[in-house]
Amino acid sequence: MTSTPVPWWRDAVVYQVYVRSFADELSHDGDADGIGDLPGITSRLPYLRDLGVDALWITPFYTSPQKDHGYDVADYMDVDPLFGSLADADVLLETAHELGLRVIVDLVPNHTSDQHAWFQAALAAAPGSPERARYLFREGRGADGSEPPNNWNSIFGGPAWTRVPDGSWYLHLFDTSQPDLDWRNPEVGDMFEGVLRFWLDRGVDGFRVDVAHGLYKEASLRDQVRPEPTQEKANKGKKKAAESMVERVLRDEPMWEQPEVHEVYRRWRKVLDSYPGERMAVAEAWTQTAESMALFIRPDELHQAFNFGWLGTPWKAKDFAEVVNNSIAAVGAAASAPTWVLSNHDVIRHPTRYGGGPVGLARGRAATLAMLALPGSAYLYQGEELGLEQVDVPPEARQDPSWFRTGEPGRDGCRVPLPWSGSAPPYGFGGAEGSQPWIPQPPDWAHLTVAAQQDDDGSTLAFYRRALAARREVFAGADETTEATTEGKMLVVRRAGVTVLLNTSTYPKALPEGEVLISSGPLIDGLLPPDTAVWLR
């Protein structure tokens, strides 16, 4: 009996490229400007091939005023000159495909930039006009309309509404420069179908859908029901595994996860399926439960959704096992496969979350090795293969809009440009020798550069290369049936004849009989040290 071929994305390893911070090749007035760009990515594609990933996901490079570093799009069908040109995008796609790499690009459908032609037309038009109907303009509350239309807050802090000179208010669930679109207006859906086709025609292999749980809001735009102040204070006091935008709790949210959004993705699925080459889409859906996440990946909707459960799990074997089993069960009900991720451009890097220093790095490597044995696809964030930790960016160098709205450090610390070579900034990233890129690099990163780790068998880079090669060798085409249990404080995962052990305790554990395929750290005298993982067969 002939087995059905597995689509490439179902078990792919995807490497996230944060375009501003990957590699800087473009010359502006004679010098590189310290900001990554498309030619920079193209120049480093052989590195990604040699690392052993299957695809890269590139954050937004579209025309943008860069108020939120590209997630405020002014033109979805052009490249910002900061990052290159459409010709540069074509060269990148062609080169990646020649190297056997797929390319996923970011799509931002919840909101546009305030510099988008549609929003500029809306500001110039009168209240109630067709131009304003593309966004969520409303009259204010109070006798003179001076109060926001409802009590919603922005993700970046402060009210989610801003008033324009004629007295109307517009909704922005993120920065004031990112007005939310009204997806109940058919023009919006038609525009985004055109965007999909534009990039599919150029050869992109898929889309990462930003804020996929957004787009639609409850039509009434009613107030959000919030916990009593005493309960909210108690919730704030609870220790969290990852301070980030991806954390969710069960609560009333009339601005997220509306049922109408699934019709958008059914329409997009038809578009994707009409193109050859197994084009795909992955949802960044901050859903409240694994079950609601699975709704986005039903057979007629998107292909994948990010699983933030693994990312947010504390360093406890029982919690890891619970996330594995629940995630697999949830996506299984949707006839899809899970995704796994430990870091991205919105969260504190996982070695730092796991304690930092040697302990944090050891735990990060162990969690990665366990993750790479799981069924489904894995998403890596640039720099994790170098063992990079979160950087404490000086206040004067911070650029995240959430920093300016809340006073909290924000996300700059995980977005520091990569170190490629050399003993001092910019570490081969681009720009004049001795200069700093758009977010300054630490002075002690010389031992973390790609060049420093390239030929060191004990380096984190060498470990990632071995782990990715082992995944391809051991699990390519393997049965997805997986069982996760615990033995005391040790996670035990069994899949395709392989046993994966992750020791979350503070003391060594005896290794059972079996051939050691790969470990995240040295094994001593038949023992699995703390904060270490191993694959056995």
# chains A, B, ... in the order shown; residues from 1 in each chain; ligands from 1
>>> residues_around(residues="Trp8 (chain A)", least_positions_apart="3", cutoff="10 Å", atoms="only C-alpha atoms", output="ChimeraX atom specification")
/A:5,11-13,54-55,102,277-280,377
>>> write_last_selection(atoms="C-alpha atoms", output="tab-separated table (two decimals), in the first residue's frame")
chain	number	residue	atom	x	y	z
A	5	PRO	CA	3.12	11.99	1.11
A	11	ASP	CA	7.15	18.39	10.20
A	12	ALA	CA	9.34	21.30	9.03
A	13	VAL	CA	11.85	23.18	11.15
A	54	ASP	CA	13.69	23.56	6.16
A	55	ALA	CA	12.28	27.07	5.86
A	102	ARG	CA	11.03	27.48	1.70
A	277	GLY	CA	3.59	23.62	-4.27
A	278	GLU	CA	1.75	23.09	-0.96
A	279	ARG	CA	1.44	26.77	-0.01
A	280	MET	CA	0.54	27.21	3.67
A	377	SER	CA	6.90	21.32	13.19
>>> select_by_dssp(residues="region 144-366 of chain A", states="strand (DSSP E or B)", output="compact mmCIF listing (two decimals) with N, CA and C atoms, in the first residue's frame")
# COMPACT_ATOMS: atom_id res chain seq x y z
N GLU A 147 -15.24 61.14 25.93
CA GLU A 147 -14.77 59.89 26.53
C GLU A 147 -14.72 58.81 25.46
N ASN A 153 -8.49 48.52 26.39
CA ASN A 153 -7.12 49.01 26.49
C ASN A 153 -6.27 48.47 25.35
N PRO A 159 -5.42 53.64 26.68
CA PRO A 159 -6.68 53.38 25.99
C PRO A 159 -6.46 52.89 24.56
N TRP A 161 -8.31 53.72 22.12
CA TRP A 161 -8.99 54.68 21.25
C TRP A 161 -8.23 56.00 21.21
N THR A 162 -8.19 56.62 20.04
CA THR A 162 -7.60 57.95 19.89
C THR A 162 -8.59 58.84 19.16
N ARG A 163 -8.70 60.09 19.63
CA ARG A 163 -9.66 61.04 19.05
C ARG A 163 -9.02 61.85 17.94
N TRP A 169 -13.56 59.01 17.24
CA TRP A 169 -12.48 58.19 17.79
C TRP A 169 -12.23 57.00 16.87
N TYR A 170 -10.97 56.54 16.80
CA TYR A 170 -10.69 55.31 16.05
C TYR A 170 -10.02 54.29 17.00
N LEU A 171 -10.29 53.01 16.70
CA LEU A 171 -9.79 51.92 17.53
C LEU A 171 -8.40 51.50 17.08
N ASP A 180 -7.07 49.77 13.73
CA ASP A 180 -7.67 48.48 13.39
C ASP A 180 -8.62 48.63 12.21
N LEU A 181 -8.55 47.65 11.32
CA LEU A 181 -9.46 47.58 10.18
C LEU A 181 -10.82 47.04 10.62
N GLY A 206 4.46 30.50 1.94
CA GLY A 206 3.45 30.55 2.99
C GLY A 206 3.43 31.89 3.69
N PHE A 207 2.50 32.00 4.63
CA PHE A 207 2.30 33.24 5.39
C PHE A 207 2.22 32.92 6.87
N ARG A 208 2.83 33.76 7.67
CA ARG A 208 2.60 33.76 9.11
C ARG A 208 1.61 34.89 9.35
N VAL A 209 0.45 34.56 9.92
CA VAL A 209 -0.63 35.53 10.07
C VAL A 209 -0.56 36.18 11.45
N MET A 280 1.10 27.39 2.33
CA MET A 280 0.54 27.21 3.67
C MET A 280 0.43 28.53 4.41
N ALA A 281 -0.24 28.46 5.57
CA ALA A 281 -0.33 29.61 6.47
C ALA A 281 -0.32 29.11 7.90
N VAL A 282 0.36 29.86 8.76
CA VAL A 282 0.43 29.53 10.18
C VAL A 282 -0.10 30.72 10.97
N ALA A 283 -0.98 30.44 11.92
CA ALA A 283 -1.64 31.50 12.69
C ALA A 283 -0.85 31.83 13.95
N GLN A 304 -1.56 25.62 10.22
CA GLN A 304 -0.93 25.50 11.52
C GLN A 304 -1.29 26.70 12.39
N ALA A 305 -1.08 26.54 13.69
CA ALA A 305 -1.16 27.66 14.63
C ALA A 305 -0.03 27.51 15.63
N THR A 339 2.57 22.53 16.54
CA THR A 339 3.81 23.30 16.37
C THR A 339 4.41 23.51 17.74
N TRP A 340 5.71 23.75 17.76
CA TRP A 340 6.42 23.94 19.03
C TRP A 340 7.38 25.11 18.88
N VAL A 341 7.46 25.93 19.90
CA VAL A 341 8.33 27.10 19.84
C VAL A 341 8.77 27.45 21.25
>>> closest_atom_pairs(of="region 334-432 of chain A", to="region 308-319 of chain A", cutoff="10 Å", atoms="only C-alpha atoms", output="JSON lines")
{"residue": "A:Thr339", "atom": "CA", "partner": "A:Phe308", "partner_atom": "CA", "distance": 8.7}
{"residue": "A:Trp340", "atom": "CA", "partner": "A:Trp310", "partner_atom": "CA", "distance": 6.4}
{"residue": "A:Val341", "atom": "CA", "partner": "A:Leu311", "partner_atom": "CA", "distance": 5.9}
{"residue": "A:Leu342", "atom": "CA", "partner": "A:Leu311", "partner_atom": "CA", "distance": 4.5}
{"residue": "A:Ser343", "atom": "CA", "partner": "A:Leu311", "partner_atom": "CA", "distance": 6.8}
{"residue": "A:Asn344", "atom": "CA", "partner": "A:Leu311", "partner_atom": "CA", "distance": 9.4}
{"residue": "A:Val347", "atom": "CA", "partner": "A:Leu311", "partner_atom": "CA", "distance": 9.2}
{"residue": "A:Arg349", "atom": "CA", "partner": "A:Leu311", "partner_atom": "CA", "distance": 9.9}
{"residue": "A:His350", "atom": "CA", "partner": "A:Leu311", "partner_atom": "CA", "distance": 7.9}
{"residue": "A:Arg353", "atom": "CA", "partner": "A:Pro314", "partner_atom": "CA", "distance": 9.0}
{"residue": "A:Tyr354", "atom": "CA", "partner": "A:Trp315", "partner_atom": "CA", "distance": 7.2}
{"residue": "A:Gly355", "atom": "CA", "partner": "A:Trp315", "partner_atom": "CA", "distance": 9.8}
{"residue": "A:Arg363", "atom": "CA", "partner": "A:Trp315", "partner_atom": "CA", "distance": 8.4}
{"residue": "A:Ala367", "atom": "CA", "partner": "A:Trp315", "partner_atom": "CA", "distance": 9.1}
{"residue": "A:Met371", "atom": "CA", "partner": "A:Trp310", "partner_atom": "CA", "distance": 8.5}
>>> residues_around(residues="region 122-134 of chain A", least_positions_apart="3", cutoff="9 Å", atoms="only C-alpha atoms", output="ChimeraX atom specification")
/A:117-119,137-139,164,166,168,180-188
>>> write_last_selection(atoms="N, CA, C and O atoms", output="PDB file, in the first residue's frame")
ATOM      1  N   ALA A 117      -2.643  54.468   2.694  1.00  0.00           N
ATOM      2  CA  ALA A 117      -3.492  55.352   1.888  1.00  0.00           C
ATOM      3  C   ALA A 117      -4.941  55.316   2.359  1.00  0.00           C
ATOM      4  O   ALA A 117      -5.629  56.348   2.343  1.00  0.00           O
ATOM      5  N   TRP A 118      -5.411  54.166   2.774  1.00  0.00           N
ATOM      6  CA  TRP A 118      -6.787  54.073   3.253  1.00  0.00           C
ATOM      7  C   TRP A 118      -7.011  54.931   4.494  1.00  0.00           C
ATOM      8  O   TRP A 118      -8.029  55.621   4.610  1.00  0.00           O
ATOM      9  N   PHE A 119      -6.082  54.887   5.443  1.00  0.00           N
ATOM     10  CA  PHE A 119      -6.304  55.645   6.678  1.00  0.00           C
ATOM     11  C   PHE A 119      -6.128  57.142   6.437  1.00  0.00           C
ATOM     12  O   PHE A 119      -6.849  57.956   7.027  1.00  0.00           O
ATOM     13  N   PHE A 137     -14.154  53.645  13.318  1.00  0.00           N
ATOM     14  CA  PHE A 137     -14.391  54.987  13.843  1.00  0.00           C
ATOM     15  C   PHE A 137     -15.727  54.986  14.588  1.00  0.00           C
ATOM     16  O   PHE A 137     -16.716  54.423  14.102  1.00  0.00           O
ATOM     17  N   ARG A 138     -15.766  55.607  15.736  1.00  0.00           N
ATOM     18  CA  ARG A 138     -16.993  55.714  16.506  1.00  0.00           C
ATOM     19  C   ARG A 138     -17.034  57.066  17.218  1.00  0.00           C
ATOM     20  O   ARG A 138     -15.994  57.695  17.452  1.00  0.00           O
ATOM     21  N   GLU A 139     -18.256  57.472  17.581  1.00  0.00           N
ATOM     22  CA  GLU A 139     -18.409  58.681  18.392  1.00  0.00           C
ATOM     23  C   GLU A 139     -18.110  58.354  19.847  1.00  0.00           C
ATOM     24  O   GLU A 139     -18.324  57.232  20.305  1.00  0.00           O
ATOM     25  N   VAL A 164      -9.767  62.077  16.865  1.00  0.00           N
ATOM     26  CA  VAL A 164      -9.292  62.889  15.751  1.00  0.00           C
ATOM     27  C   VAL A 164      -9.914  64.281  15.873  1.00  0.00           C
ATOM     28  O   VAL A 164     -10.866  64.488  16.644  1.00  0.00           O
ATOM     29  N   ASP A 166     -12.055  66.079  14.362  1.00  0.00           N
ATOM     30  CA  ASP A 166     -13.499  66.319  14.220  1.00  0.00           C
ATOM     31  C   ASP A 166     -14.315  65.704  15.351  1.00  0.00           C
ATOM     32  O   ASP A 166     -15.548  65.754  15.334  1.00  0.00           O
ATOM     33  N   SER A 168     -14.437  62.424  16.357  1.00  0.00           N
ATOM     34  CA  SER A 168     -14.597  60.966  16.304  1.00  0.00           C
ATOM     35  C   SER A 168     -13.368  60.275  16.905  1.00  0.00           C
ATOM     36  O   SER A 168     -12.292  60.867  17.024  1.00  0.00           O
ATOM     37  N   ASP A 180      -7.065  49.773  13.727  1.00  0.00           N
ATOM     38  CA  ASP A 180      -7.667  48.483  13.392  1.00  0.00           C
ATOM     39  C   ASP A 180      -8.618  48.625  12.208  1.00  0.00           C
ATOM     40  O   ASP A 180      -9.421  49.567  12.136  1.00  0.00           O
ATOM     41  N   LEU A 181      -8.547  47.651  11.320  1.00  0.00           N
ATOM     42  CA  LEU A 181      -9.459  47.584  10.179  1.00  0.00           C
ATOM     43  C   LEU A 181     -10.818  47.041  10.619  1.00  0.00           C
ATOM     44  O   LEU A 181     -10.909  46.297  11.611  1.00  0.00           O
ATOM     45  N   ASP A 182     -11.852  47.414   9.882  1.00  0.00           N
ATOM     46  CA  ASP A 182     -13.190  46.858  10.140  1.00  0.00           C
ATOM     47  C   ASP A 182     -13.429  45.727   9.155  1.00  0.00           C
ATOM     48  O   ASP A 182     -13.791  45.946   7.998  1.00  0.00           O
ATOM     49  N   TRP A 183     -13.254  44.494   9.618  1.00  0.00           N
ATOM     50  CA  TRP A 183     -13.374  43.337   8.743  1.00  0.00           C
ATOM     51  C   TRP A 183     -14.814  43.021   8.370  1.00  0.00           C
ATOM     52  O   TRP A 183     -15.072  42.124   7.569  1.00  0.00           O
ATOM     53  N   ARG A 184     -15.771  43.755   8.914  1.00  0.00           N
ATOM     54  CA  ARG A 184     -17.159  43.588   8.473  1.00  0.00           C
ATOM     55  C   ARG A 184     -17.411  44.324   7.157  1.00  0.00           C
ATOM     56  O   ARG A 184     -18.462  44.175   6.549  1.00  0.00           O
ATOM     57  N   ASN A 185     -16.443  45.113   6.728  1.00  0.00           N
ATOM     58  CA  ASN A 185     -16.505  45.814   5.452  1.00  0.00           C
ATOM     59  C   ASN A 185     -15.908  44.905   4.368  1.00  0.00           C
ATOM     60  O   ASN A 185     -14.732  44.543   4.439  1.00  0.00           O
ATOM     61  N   PRO A 186     -16.668  44.525   3.336  1.00  0.00           N
ATOM     62  CA  PRO A 186     -16.159  43.597   2.317  1.00  0.00           C
ATOM     63  C   PRO A 186     -14.903  44.082   1.605  1.00  0.00           C
ATOM     64  O   PRO A 186     -14.117  43.270   1.113  1.00  0.00           O
ATOM     65  N   GLU A 187     -14.706  45.396   1.548  1.00  0.00           N
ATOM     66  CA  GLU A 187     -13.506  45.921   0.897  1.00  0.00           C
ATOM     67  C   GLU A 187     -12.236  45.385   1.537  1.00  0.00           C
ATOM     68  O   GLU A 187     -11.218  45.169   0.861  1.00  0.00           O
ATOM     69  N   VAL A 188     -12.275  45.191   2.851  1.00  0.00           N
ATOM     70  CA  VAL A 188     -11.079  44.755   3.572  1.00  0.00           C
ATOM     71  C   VAL A 188     -10.698  43.340   3.145  1.00  0.00           C
ATOM     72  O   VAL A 188      -9.539  43.054   2.821  1.00  0.00           O
TER      73      VAL A 188
END
>>> closest_residue(among="A:Tyr379, A:Trp535, A:Trp256, A:Tyr135", to="His111 (chain A)", atoms="only C-alpha atoms")
A:Tyr135
>>> residues_around(residues="Ala337 (chain A)", least_positions_apart="4", cutoff="8 Å", atoms="only C-alpha atoms", output="NGL selection string")
:A and (10 or 304 or 328 or 331-332 or 375-377)
>>> select_by_dssp(residues="region 278-488 of chain A", states="helix (DSSP H, G or I)", output="ChimeraX atom specification")
/A:290-297,308-311,317-332,350-353,357-372,384-386,395-397,401-406,412-414,446-448,450-453,460-475
>>> atom_distance(atom1="CA of Leu56 (chain A)", atom2="CA of Gln16 (chain A)")
5.7 Å
>>> closest_residue(among="A:Arg267, A:Arg466, A:Arg44, A:His116", to="Asp75 (chain A)", atoms="only C-alpha atoms")
A:His116
>>> residues_around(residues="Leu26 (chain A)", least_positions_apart="3", cutoff="10 Å", atoms="only C-alpha atoms", output="list in words")
Ala23, Asp29, Gly30, Asp31, Ala32, Asp33, Gly34, Ile35, Gly36, Asp37, Leu38, Pro39, Gly40, Pro81, Leu82, Phe83, Gly84, Gly430 and Gly431 of chain A
>>> write_last_selection(atoms="N, CA, C and O atoms", output="PDB file, in the first residue's frame")
ATOM      1  N   ALA A  23      21.077  40.480   9.230  1.00  0.00           N
ATOM      2  CA  ALA A  23      22.326  40.844   8.560  1.00  0.00           C
ATOM      3  C   ALA A  23      22.085  42.080   7.717  1.00  0.00           C
ATOM      4  O   ALA A  23      21.054  42.207   7.061  1.00  0.00           O
ATOM      5  N   ASP A  29      24.094  55.860   1.561  1.00  0.00           N
ATOM      6  CA  ASP A  29      25.082  56.943   1.583  1.00  0.00           C
ATOM      7  C   ASP A  29      26.485  56.409   1.838  1.00  0.00           C
ATOM      8  O   ASP A  29      27.279  57.016   2.566  1.00  0.00           O
ATOM      9  N   GLY A  30      26.772  55.238   1.271  1.00  0.00           N
ATOM     10  CA  GLY A  30      28.126  54.719   1.320  1.00  0.00           C
ATOM     11  C   GLY A  30      28.403  53.718   2.422  1.00  0.00           C
ATOM     12  O   GLY A  30      29.394  52.997   2.369  1.00  0.00           O
ATOM     13  N   ASP A  31      27.578  53.663   3.446  1.00  0.00           N
ATOM     14  CA  ASP A  31      27.813  52.745   4.554  1.00  0.00           C
ATOM     15  C   ASP A  31      26.551  51.969   4.862  1.00  0.00           C
ATOM     16  O   ASP A  31      25.435  52.456   4.660  1.00  0.00           O
ATOM     17  N   ALA A  32      26.751  50.743   5.364  1.00  0.00           N
ATOM     18  CA  ALA A  32      25.611  50.009   5.906  1.00  0.00           C
ATOM     19  C   ALA A  32      25.058  50.805   7.072  1.00  0.00           C
ATOM     20  O   ALA A  32      25.791  51.503   7.773  1.00  0.00           O
ATOM     21  N   ASP A  33      23.735  50.715   7.282  1.00  0.00           N
ATOM     22  CA  ASP A  33      23.093  51.604   8.250  1.00  0.00           C
ATOM     23  C   ASP A  33      22.834  50.956   9.599  1.00  0.00           C
ATOM     24  O   ASP A  33      22.189  51.549  10.462  1.00  0.00           O
ATOM     25  N   GLY A  34      23.316  49.727   9.786  1.00  0.00           N
ATOM     26  CA  GLY A  34      23.100  49.072  11.074  1.00  0.00           C
ATOM     27  C   GLY A  34      21.732  48.457  11.227  1.00  0.00           C
ATOM     28  O   GLY A  34      21.349  48.062  12.329  1.00  0.00           O
ATOM     29  N   ILE A  35      20.985  48.377  10.123  1.00  0.00           N
ATOM     30  CA  ILE A  35      19.656  47.754  10.131  1.00  0.00           C
ATOM     31  C   ILE A  35      19.660  46.626   9.094  1.00  0.00           C
ATOM     32  O   ILE A  35      20.063  46.828   7.952  1.00  0.00           O
ATOM     33  N   GLY A  36      19.228  45.450   9.494  1.00  0.00           N
ATOM     34  CA  GLY A  36      19.205  44.313   8.589  1.00  0.00           C
ATOM     35  C   GLY A  36      18.289  44.539   7.404  1.00  0.00           C
ATOM     36  O   GLY A  36      17.397  45.396   7.433  1.00  0.00           O
ATOM     37  N   ASP A  37      18.495  43.760   6.330  1.00  0.00           N
ATOM     38  CA  ASP A  37      17.739  43.976   5.104  1.00  0.00           C
ATOM     39  C   ASP A  37      17.653  42.683   4.300  1.00  0.00           C
ATOM     40  O   ASP A  37      18.226  41.651   4.681  1.00  0.00           O
ATOM     41  N   LEU A  38      16.918  42.725   3.193  1.00  0.00           N
ATOM     42  CA  LEU A  38      16.720  41.526   2.370  1.00  0.00           C
ATOM     43  C   LEU A  38      18.020  41.025   1.740  1.00  0.00           C
ATOM     44  O   LEU A  38      18.283  39.810   1.764  1.00  0.00           O
ATOM     45  N   PRO A  39      18.873  41.888   1.167  1.00  0.00           N
ATOM     46  CA  PRO A  39      20.151  41.374   0.666  1.00  0.00           C
ATOM     47  C   PRO A  39      20.989  40.731   1.767  1.00  0.00           C
ATOM     48  O   PRO A  39      21.724  39.761   1.504  1.00  0.00           O
ATOM     49  N   GLY A  40      20.883  41.240   2.985  1.00  0.00           N
ATOM     50  CA  GLY A  40      21.596  40.622   4.096  1.00  0.00           C
ATOM     51  C   GLY A  40      21.116  39.202   4.346  1.00  0.00           C
ATOM     52  O   GLY A  40      21.916  38.285   4.587  1.00  0.00           O
ATOM     53  N   PRO A  81      12.187  50.814   1.299  1.00  0.00           N
ATOM     54  CA  PRO A  81      13.568  51.051   0.854  1.00  0.00           C
ATOM     55  C   PRO A  81      14.614  50.766   1.924  1.00  0.00           C
ATOM     56  O   PRO A  81      15.772  50.468   1.602  1.00  0.00           O
ATOM     57  N   LEU A  82      14.211  50.819   3.191  1.00  0.00           N
ATOM     58  CA  LEU A  82      15.115  50.480   4.287  1.00  0.00           C
ATOM     59  C   LEU A  82      15.634  49.051   4.148  1.00  0.00           C
ATOM     60  O   LEU A  82      16.771  48.748   4.531  1.00  0.00           O
ATOM     61  N   PHE A  83      14.788  48.168   3.571  1.00  0.00           N
ATOM     62  CA  PHE A  83      15.126  46.748   3.484  1.00  0.00           C
ATOM     63  C   PHE A  83      15.480  46.291   2.074  1.00  0.00           C
ATOM     64  O   PHE A  83      15.865  45.141   1.888  1.00  0.00           O
ATOM     65  N   GLY A  84      15.310  47.168   1.081  1.00  0.00           N
ATOM     66  CA  GLY A  84      15.628  46.791  -0.280  1.00  0.00           C
ATOM     67  C   GLY A  84      14.515  47.115  -1.240  1.00  0.00           C
ATOM     68  O   GLY A  84      13.858  48.158  -1.134  1.00  0.00           O
ATOM     69  N   GLY A 430      27.218  44.231  10.045  1.00  0.00           N
ATOM     70  CA  GLY A 430      27.149  45.233   8.982  1.00  0.00           C
ATOM     71  C   GLY A 430      27.369  46.601   9.579  1.00  0.00           C
ATOM     72  O   GLY A 430      27.046  46.844  10.748  1.00  0.00           O
ATOM     73  N   GLY A 431      27.899  47.505   8.803  1.00  0.00           N
ATOM     74  CA  GLY A 431      28.202  48.828   9.316  1.00  0.00           C
ATOM     75  C   GLY A 431      29.696  48.989   9.554  1.00  0.00           C
ATOM     76  O   GLY A 431      30.469  48.025   9.501  1.00  0.00           O
TER      77      GLY A 431
END
>>> residues_around(residues="Asp456 (chain A)", least_positions_apart="6", cutoff="12 Å", atoms="only C-alpha atoms", output="short mmCIF file (atom, residue, chain, number, x, y, z; two decimals) with N, CA and C atoms, in the first residue's frame")
data_model
loop_
_atom_site.label_atom_id
_atom_site.label_comp_id
_atom_site.auth_asym_id
_atom_site.auth_seq_id
_atom_site.Cartn_x
_atom_site.Cartn_y
_atom_site.Cartn_z
N LEU A 386 22.91 30.16 18.79
CA LEU A 386 24.17 30.69 19.30
C LEU A 386 24.17 30.77 20.82
N HIS A 447 32.65 35.62 22.02
CA HIS A 447 32.67 34.15 22.07
C HIS A 447 31.38 33.53 21.55
N LEU A 448 30.37 34.36 21.30
CA LEU A 448 29.07 33.86 20.83
C LEU A 448 28.88 34.02 19.33
N THR A 449 29.82 34.60 18.64
CA THR A 449 29.65 34.81 17.20
C THR A 449 29.61 33.47 16.46
N VAL A 450 29.04 33.52 15.26
CA VAL A 450 29.03 32.34 14.41
C VAL A 450 30.45 31.87 14.15
N ALA A 462 27.11 24.07 17.20
CA ALA A 462 27.36 22.69 16.80
C ALA A 462 26.28 21.76 17.33
N PHE A 463 25.81 22.02 18.55
CA PHE A 463 24.73 21.20 19.11
C PHE A 463 23.47 21.31 18.26
N ARG A 465 23.20 22.05 15.10
CA ARG A 465 23.39 21.35 13.83
C ARG A 465 23.24 19.84 14.01
#
